[in-house]
Each structure stands twice: as C-alpha cells, then as structure tokens.
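The structure appears right after this line, and notes come after that.
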Amino acid sequence: MTWRVVRKGETEAKAGLPGTTERILVGRHSGAVHLEVSEVTIAGLAEIPGHRHPFEESFYVLDGTGVVTIGTSTYEVTADDFGLAPLGAPHAWTNLTDRPLRVLRVRAPQPRHMRGEGPYFLSGDVKPPRSGIEPPRAVAAPHRPVGRFESSQLPPPGPLNMKGYRGPRIGGVSIWMLVDELVGAIHHTMFIVEFESGGDRRPAGDHFHPFEEAYYFTAGSAIAHLEGEDIPVAAGDLVFCGVNDLHGYSVTSNEPMRWIEVQSPAPPPHGATFFPDDWHTDADGHP
Ligand SMILES: [Fe+2]
C-alpha cells in the first residue's frame, strides 16, 4: 500500500523554476507513479519565463495575486482562482506585487527528465505577462481554462454522483468540478469536495480506485480511515492514496470539511470506485 499523510509545513521547500520555491507533497519520492502535487511559492515581483512540458499542469491559488499567460490568453488570478496549462501549452507567470503568491500545483502524467533536460523546456512563444489581463469567470470553458471557485457554486449535500460511480455509500457530499476533460485535461482531474458536518458520522464508506487520489484539506477536520488505520487530519494536511488503497472519511469538525481533490489517471466512465460492501454477498447472492 502506498497511502500517506503529509502534515502541513513538514515538507522541505526547495528551489523550483526561477523565482519560485516548491514543496513537493506527492511525487515519485513518495510512491506516486501518476501524480505530482506541490505547494509552489512565486516570490514578490518574480517572473517565471515562458515554458512548456510533456505533462498537464493545473493550479489552484491559495493566497496572493499573480498574472498568468497560457497560450494567447492572460489572466489575473487570486485566492480561489484555478486553471490549466494543457499538455504542451506554453505558459508564463508574473507576480506584480511584492507579496508571495502561493498555489497548489498538480502535474500529470508525472514529470520526468528527458536526455538530461527538463522536465520543462523554455519557450519564447510566451513572455511573462504585464498587460492584456482578463479576470477569471466563475465557470471555466474550453477556450478559457482559467476560472474562479465560489462556495455558492456547491450544490446541496447528497449522495455521490460523479463520473464512474453514483450511489448511496458516500453521502452528505457536495462536489464542484474545476479541471477535467471539459477544459482540456486528459490525464487528471481537480475538484472541490465538501462533506456536511454532523458529529462522528461516516459519510464516505471505505472504497478504492484504479487511479491515484490526493486530498488537500482546506477547512474542517476528519478521521481518515486508511487501510484499517484511523488518522486525524485537518486543514493544511494532505492525504495521498495510491491505486487500490482502501480509504474512507468521518467528519469530526462542527463546520463542514472541505478539500481540493485531484485524481490521475482521469477516472474511467465505469468502474471508477469500488466498495467492498457492494461485493460481499451471501450464498443466495444477496448482500
Ligand atoms: Fe476516493
């Protein structure tokens, strides 16, 4: 089993692209083979030169303000804005303020070096942006793969209903998709999950997937049930589950528990989520 819990602030910050530091929370070093998930800080007034790479890269702004150009479009982004640089698309960043800009960054397929270079390649097609800035809109579209998440977008809590699974074994959940195939992501997804509060109820029954998942907690607290271990987690922590790792959650906070979730490979249209309880039957074939 490859699951692990990464505590807030415990990962060492290292130099990344010019002007940036990064804490790699999930990656090859931690047993992941599809996902890389990092907290990236772009220093005040820093510019990240135009570059492209053989993996998709999505981001969710945690705090600060910055400007990003992806292809031919430029956006000013701030907390709760998100976006996608599709595979191979040139992109560049500028932090026009003197305050750090912090983003959750997701890369899939997992980056690797090629012939001693990379995993990214500088691209003169795109310069660090200074003008032509558009604000993100609430719903990202195929031609605008940068959007803004607002809590009012979350639907009322109910049973899980998403690609590859719908049913009652996960309840009291609200989901809002941010990055998926509709905005051009083929290899991964990013979305918001919120579970309603309610004492020690267990809204997410134990299950597993044929893909990797990571959950970056942004509000509330919970017990993560990971392959038979019960582990308290709270905002700022991250849980990673590898393929087939059994996991479930109980909310322990009085406020709703919320996380930013990512998956890679992207879920298949059928057989995305397996609950052992669905497969245990008696001699007559009844549950
Ligand atoms: Fe799951």
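Ligands are numbered from 1 in the order shown, chains are lettered A, B, ... in the order of the structure tokens, and residues start at 1 in each chain.
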Could you give me, as CSV, every chain A residue with an atom at most 10 Å from ligand 1, plus its closest atom pair and distance in Å to one decimal, counting only C-alpha atoms and all ligand atoms, rows ordered by chain then number?
```
residue,atom,partner,partner_atom_place_in_ligand_line,distance
A:Ile170,CA,ligand 1,1 (Fe),9.5
A:Ala204,CA,ligand 1,1 (Fe),8.2
A:Gly205,CA,ligand 1,1 (Fe),9.2
A:Asp206,CA,ligand 1,1 (Fe),8.3
A:His207,CA,ligand 1,1 (Fe),6.4
A:Phe208,CA,ligand 1,1 (Fe),6.1
A:His209,CA,ligand 1,1 (Fe),6.6
A:Phe211,CA,ligand 1,1 (Fe),9.4
A:Glu212,CA,ligand 1,1 (Fe),8.9
A:Glu213,CA,ligand 1,1 (Fe),6.8
A:Ala214,CA,ligand 1,1 (Fe),8.9
A:Tyr215,CA,ligand 1,1 (Fe),9.2
A:Cys241,CA,ligand 1,1 (Fe),8.1
A:Asn244,CA,ligand 1,1 (Fe),9.8
A:Asp245,CA,ligand 1,1 (Fe),9.1
A:Leu246,CA,ligand 1,1 (Fe),8.4
A:His247,CA,ligand 1,1 (Fe),6.6
A:Gly248,CA,ligand 1,1 (Fe),7.2
A:Tyr249,CA,ligand 1,1 (Fe),9.3
A:Glu261,CA,ligand 1,1 (Fe),9.2
A:Gln263,CA,ligand 1,1 (Fe),9.1
A:Ala272,CA,ligand 1,1 (Fe),9.1
A:Thr273,CA,ligand 1,1 (Fe),7.0
A:Phe274,CA,ligand 1,1 (Fe),9.0
A:Phe275,CA,ligand 1,1 (Fe),9.9
```
Residue selection dump (N, CA and C atoms) as a PDB file, in the first residue's frame:
```
ATOM      1  N   ILE A 170     -21.518   6.865  -0.359  1.00  0.00           N
ATOM      2  CA  ILE A 170     -20.938   8.134   0.096  1.00  0.00           C
ATOM      3  C   ILE A 170     -22.085   9.137   0.093  1.00  0.00           C
ATOM      4  N   ALA A 204     -18.236   8.888   4.130  1.00  0.00           N
ATOM      5  CA  ALA A 204     -17.526   8.270   3.000  1.00  0.00           C
ATOM      6  C   ALA A 204     -17.102   6.865   3.405  1.00  0.00           C
ATOM      7  N   GLY A 205     -17.873   5.877   2.969  1.00  0.00           N
ATOM      8  CA  GLY A 205     -17.562   4.490   3.275  1.00  0.00           C
ATOM      9  C   GLY A 205     -16.275   4.048   2.601  1.00  0.00           C
ATOM     10  N   ASP A 206     -15.652   2.996   3.143  1.00  0.00           N
ATOM     11  CA  ASP A 206     -14.366   2.530   2.611  1.00  0.00           C
ATOM     12  C   ASP A 206     -14.499   2.099   1.144  1.00  0.00           C
ATOM     13  N   HIS A 207     -13.556   2.549   0.335  1.00  0.00           N
ATOM     14  CA  HIS A 207     -13.572   2.231  -1.102  1.00  0.00           C
ATOM     15  C   HIS A 207     -12.163   2.379  -1.666  1.00  0.00           C
ATOM     16  N   PHE A 208     -12.028   1.962  -2.908  1.00  0.00           N
ATOM     17  CA  PHE A 208     -10.732   2.106  -3.594  1.00  0.00           C
ATOM     18  C   PHE A 208     -10.962   2.370  -5.065  1.00  0.00           C
ATOM     19  N   HIS A 209      -9.882   2.782  -5.754  1.00  0.00           N
ATOM     20  CA  HIS A 209      -9.991   3.220  -7.159  1.00  0.00           C
ATOM     21  C   HIS A 209      -8.856   2.629  -8.004  1.00  0.00           C
ATOM     22  N   PHE A 211      -7.072   4.430  -9.818  1.00  0.00           N
ATOM     23  CA  PHE A 211      -6.231   5.596 -10.099  1.00  0.00           C
ATOM     24  C   PHE A 211      -5.770   6.178  -8.767  1.00  0.00           C
ATOM     25  N   GLU A 212      -4.832   7.128  -8.836  1.00  0.00           N
ATOM     26  CA  GLU A 212      -4.339   7.782  -7.621  1.00  0.00           C
ATOM     27  C   GLU A 212      -5.214   8.986  -7.265  1.00  0.00           C
ATOM     28  N   GLU A 213      -5.310   9.258  -5.964  1.00  0.00           N
ATOM     29  CA  GLU A 213      -6.047  10.432  -5.486  1.00  0.00           C
ATOM     30  C   GLU A 213      -5.211  11.156  -4.436  1.00  0.00           C
ATOM     31  N   ALA A 214      -5.368  12.476  -4.376  1.00  0.00           N
ATOM     32  CA  ALA A 214      -4.806  13.250  -3.265  1.00  0.00           C
ATOM     33  C   ALA A 214      -5.855  14.247  -2.824  1.00  0.00           C
ATOM     34  N   TYR A 215      -5.893  14.502  -1.507  1.00  0.00           N
ATOM     35  CA  TYR A 215      -6.890  15.388  -0.895  1.00  0.00           C
ATOM     36  C   TYR A 215      -6.134  16.431  -0.097  1.00  0.00           C
ATOM     37  N   CYS A 241      -3.624   8.654  -1.691  1.00  0.00           N
ATOM     38  CA  CYS A 241      -3.976   7.242  -1.808  1.00  0.00           C
ATOM     39  C   CYS A 241      -3.545   6.740  -3.175  1.00  0.00           C
ATOM     40  N   ASN A 244      -5.865   1.303  -5.576  1.00  0.00           N
ATOM     41  CA  ASN A 244      -6.366   0.205  -4.737  1.00  0.00           C
ATOM     42  C   ASN A 244      -6.198   0.427  -3.231  1.00  0.00           C
ATOM     43  N   ASP A 245      -5.688   1.574  -2.795  1.00  0.00           N
ATOM     44  CA  ASP A 245      -5.601   1.832  -1.349  1.00  0.00           C
ATOM     45  C   ASP A 245      -7.010   2.070  -0.801  1.00  0.00           C
ATOM     46  N   LEU A 246      -7.399   1.297   0.221  1.00  0.00           N
ATOM     47  CA  LEU A 246      -8.735   1.411   0.813  1.00  0.00           C
ATOM     48  C   LEU A 246      -8.792   2.674   1.666  1.00  0.00           C
ATOM     49  N   HIS A 247      -9.824   3.514   1.435  1.00  0.00           N
ATOM     50  CA  HIS A 247      -9.925   4.763   2.193  1.00  0.00           C
ATOM     51  C   HIS A 247     -11.373   5.161   2.419  1.00  0.00           C
ATOM     52  N   GLY A 248     -11.607   5.877   3.528  1.00  0.00           N
ATOM     53  CA  GLY A 248     -12.909   6.442   3.855  1.00  0.00           C
ATOM     54  C   GLY A 248     -12.692   7.582   4.830  1.00  0.00           C
ATOM     55  N   TYR A 249     -13.743   8.360   5.095  1.00  0.00           N
ATOM     56  CA  TYR A 249     -13.597   9.538   5.960  1.00  0.00           C
ATOM     57  C   TYR A 249     -14.785   9.691   6.885  1.00  0.00           C
ATOM     58  N   GLU A 261      -9.498  18.064  -4.305  1.00  0.00           N
ATOM     59  CA  GLU A 261      -9.130  16.685  -4.663  1.00  0.00           C
ATOM     60  C   GLU A 261      -8.571  16.639  -6.077  1.00  0.00           C
ATOM     61  N   GLN A 263      -7.100  13.665  -9.105  1.00  0.00           N
ATOM     62  CA  GLN A 263      -7.039  12.255  -9.491  1.00  0.00           C
ATOM     63  C   GLN A 263      -6.199  12.124 -10.764  1.00  0.00           C
ATOM     64  N   ALA A 272     -15.029   3.180 -11.635  1.00  0.00           N
ATOM     65  CA  ALA A 272     -14.083   4.162 -11.087  1.00  0.00           C
ATOM     66  C   ALA A 272     -13.922   4.005  -9.580  1.00  0.00           C
ATOM     67  N   THR A 273     -14.964   3.488  -8.907  1.00  0.00           N
ATOM     68  CA  THR A 273     -14.966   3.423  -7.450  1.00  0.00           C
ATOM     69  C   THR A 273     -15.522   2.072  -7.014  1.00  0.00           C
ATOM     70  N   PHE A 274     -14.808   1.387  -6.149  1.00  0.00           N
ATOM     71  CA  PHE A 274     -15.222   0.056  -5.691  1.00  0.00           C
ATOM     72  C   PHE A 274     -15.387   0.060  -4.174  1.00  0.00           C
ATOM     73  N   PHE A 275     -16.561  -0.356  -3.721  1.00  0.00           N
ATOM     74  CA  PHE A 275     -16.839  -0.505  -2.296  1.00  0.00           C
ATOM     75  C   PHE A 275     -16.868  -1.995  -1.982  1.00  0.00           C
TER      76      PHE A 275
END
```
Shell of 10 Å around A:His51, only C-alpha atoms, local chain residues under 3 positions omitted, as a compact mmCIF listing (two decimals) with C-alpha atoms, in the first residue's frame:
```txt
# COMPACT_ATOMS: atom_id res chain seq x y z
CA LEU A 17 11.71 27.44 -11.62
CA ILE A 48 8.57 32.76 -14.45
CA ILE A 70 -1.50 30.37 -21.05
CA GLY A 88 2.47 21.22 -24.29
CA ALA A 89 0.82 24.66 -23.98
CA PRO A 90 3.37 27.46 -23.38
CA HIS A 91 2.70 29.48 -20.23
CA ALA A 92 4.40 32.10 -18.02
CA TRP A 93 3.73 33.84 -14.72
CA TYR A 120 10.27 21.63 -18.67
CA PHE A 121 11.52 23.48 -21.74
CA LEU A 122 11.82 27.25 -22.07
CA SER A 123 9.57 28.68 -24.76
CA GLY A 124 10.00 32.11 -26.31
CA ASP A 125 6.38 31.96 -27.59
CA VAL A 126 5.14 33.39 -24.31
CA LYS A 127 6.63 36.18 -22.20
```
Would you mind listing what lies within 9 Å of A:Pro156 as a PyMOL selection string, with only C-alpha atoms counted and same-chain residues fewer than 5 positions away left out? chain A and resi 172-174
Please, could you write that set of residues out with C-alpha atoms as an mmCIF file, in the first residue's frame?
```cif
data_model
loop_
_atom_site.group_PDB
_atom_site.id
_atom_site.type_symbol
_atom_site.label_atom_id
_atom_site.label_comp_id
_atom_site.auth_asym_id
_atom_site.auth_seq_id
_atom_site.Cartn_x
_atom_site.Cartn_y
_atom_site.Cartn_z
ATOM 1 C CA GLY A 172 -23.764 14.257 2.524
ATOM 2 C CA VAL A 173 -21.292 15.363 -0.109
ATOM 3 C CA SER A 174 -21.168 18.381 -2.446
#
```
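Rounded to one decimal, atom CA of A:Arg7 and atom CA of A:Phe217 lie 10.3 Å from each other.
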Residues within 9 Å of A:Val26, please, as a tab-separated table (two decimals) with N, CA and C atoms, in the first residue's frame. Count only C-alpha atoms; anything in the same chain fewer than 4 positions from it doesn't count.
```
chain	number	residue	atom	x	y	z
A	6	VAL	N	0.55	13.73	4.62
A	6	VAL	CA	1.59	14.76	4.62
A	6	VAL	C	1.08	15.92	5.47
A	30	SER	N	7.45	9.76	-3.03
A	30	SER	CA	6.50	9.27	-2.02
A	30	SER	C	5.69	8.09	-2.51
A	31	GLY	N	6.10	7.49	-3.60
A	31	GLY	CA	5.45	6.27	-4.06
A	31	GLY	C	4.39	6.49	-5.12
A	32	ALA	N	4.12	7.75	-5.49
A	32	ALA	CA	3.15	8.02	-6.56
A	32	ALA	C	3.80	7.73	-7.91
A	35	LEU	N	0.78	11.02	-10.24
A	35	LEU	CA	0.56	12.40	-9.79
A	35	LEU	C	1.84	13.04	-9.25
A	36	GLU	N	1.94	14.36	-9.46
A	36	GLU	CA	2.83	15.18	-8.65
A	36	GLU	C	1.98	16.34	-8.14
A	37	VAL	N	1.99	16.56	-6.83
A	37	VAL	CA	1.21	17.64	-6.21
A	37	VAL	C	2.16	18.44	-5.33
A	38	SER	N	2.16	19.76	-5.50
A	38	SER	CA	3.11	20.62	-4.79
A	38	SER	C	2.45	21.91	-4.35
A	214	ALA	N	-5.37	12.48	-4.38
A	214	ALA	CA	-4.81	13.25	-3.26
A	214	ALA	C	-5.85	14.25	-2.82
A	238	LEU	N	-2.49	16.90	3.87
A	238	LEU	CA	-2.81	16.25	2.59
A	238	LEU	C	-2.78	14.75	2.81
A	240	PHE	N	-2.62	11.19	0.54
A	240	PHE	CA	-2.43	10.58	-0.78
A	240	PHE	C	-2.86	9.12	-0.71
```
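Considering the residues A:Arg28, A:Lys163, A:His188, A:Lys14 and counting only C-alpha atoms, A:Leu87 has its shortest atom-to-atom contact with A:His188.
Counting only C-alpha atoms and comparing A:Gly242, A:Gly27, A:Gly44, A:Pro210, the residue that lies closest to A:Arg105 is A:Gly27.
Nearest residue to A:Pro155 among A:Leu182, A:Ile192, A:Met1, A:Val251 is A:Ile192, counting only C-alpha atoms.
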List the spatial neighbours of A:Glu196 as a VMD selection string - criterion: any atom at most 10 Å away, only C-alpha atoms, same-chain residues fewer than 4 positions off excluded. chain A and resid 156 to 158 171 to 174 201 203 220 251 253 to 258
What parts of stretch 166-235 of chain A does DSSP call strand (DSSP E)? I'd like the answer as number ranges by chain. A: 166-167, 173-179, 189-195, 204-207, 212-219, 221-226, 229-234
Give the helix (DSSP H, G or I) residues of stretch 53-218 of chain A, as assigned by DSSP on the backbone, as a PDB file with C-alpha atoms, in the first residue's frame.
```
ATOM      1  CA  SER A 151     -18.693  28.476  -2.296  1.00  0.00           C
ATOM      2  CA  SER A 152     -22.129  29.406  -3.668  1.00  0.00           C
ATOM      3  CA  GLN A 153     -21.412  27.077  -6.620  1.00  0.00           C
ATOM      4  CA  GLU A 181     -11.796  16.911 -19.896  1.00  0.00           C
ATOM      5  CA  LEU A 182     -14.294  19.738 -20.465  1.00  0.00           C
ATOM      6  CA  VAL A 183     -11.468  22.275 -20.118  1.00  0.00           C
TER       7      VAL A 183
END
```
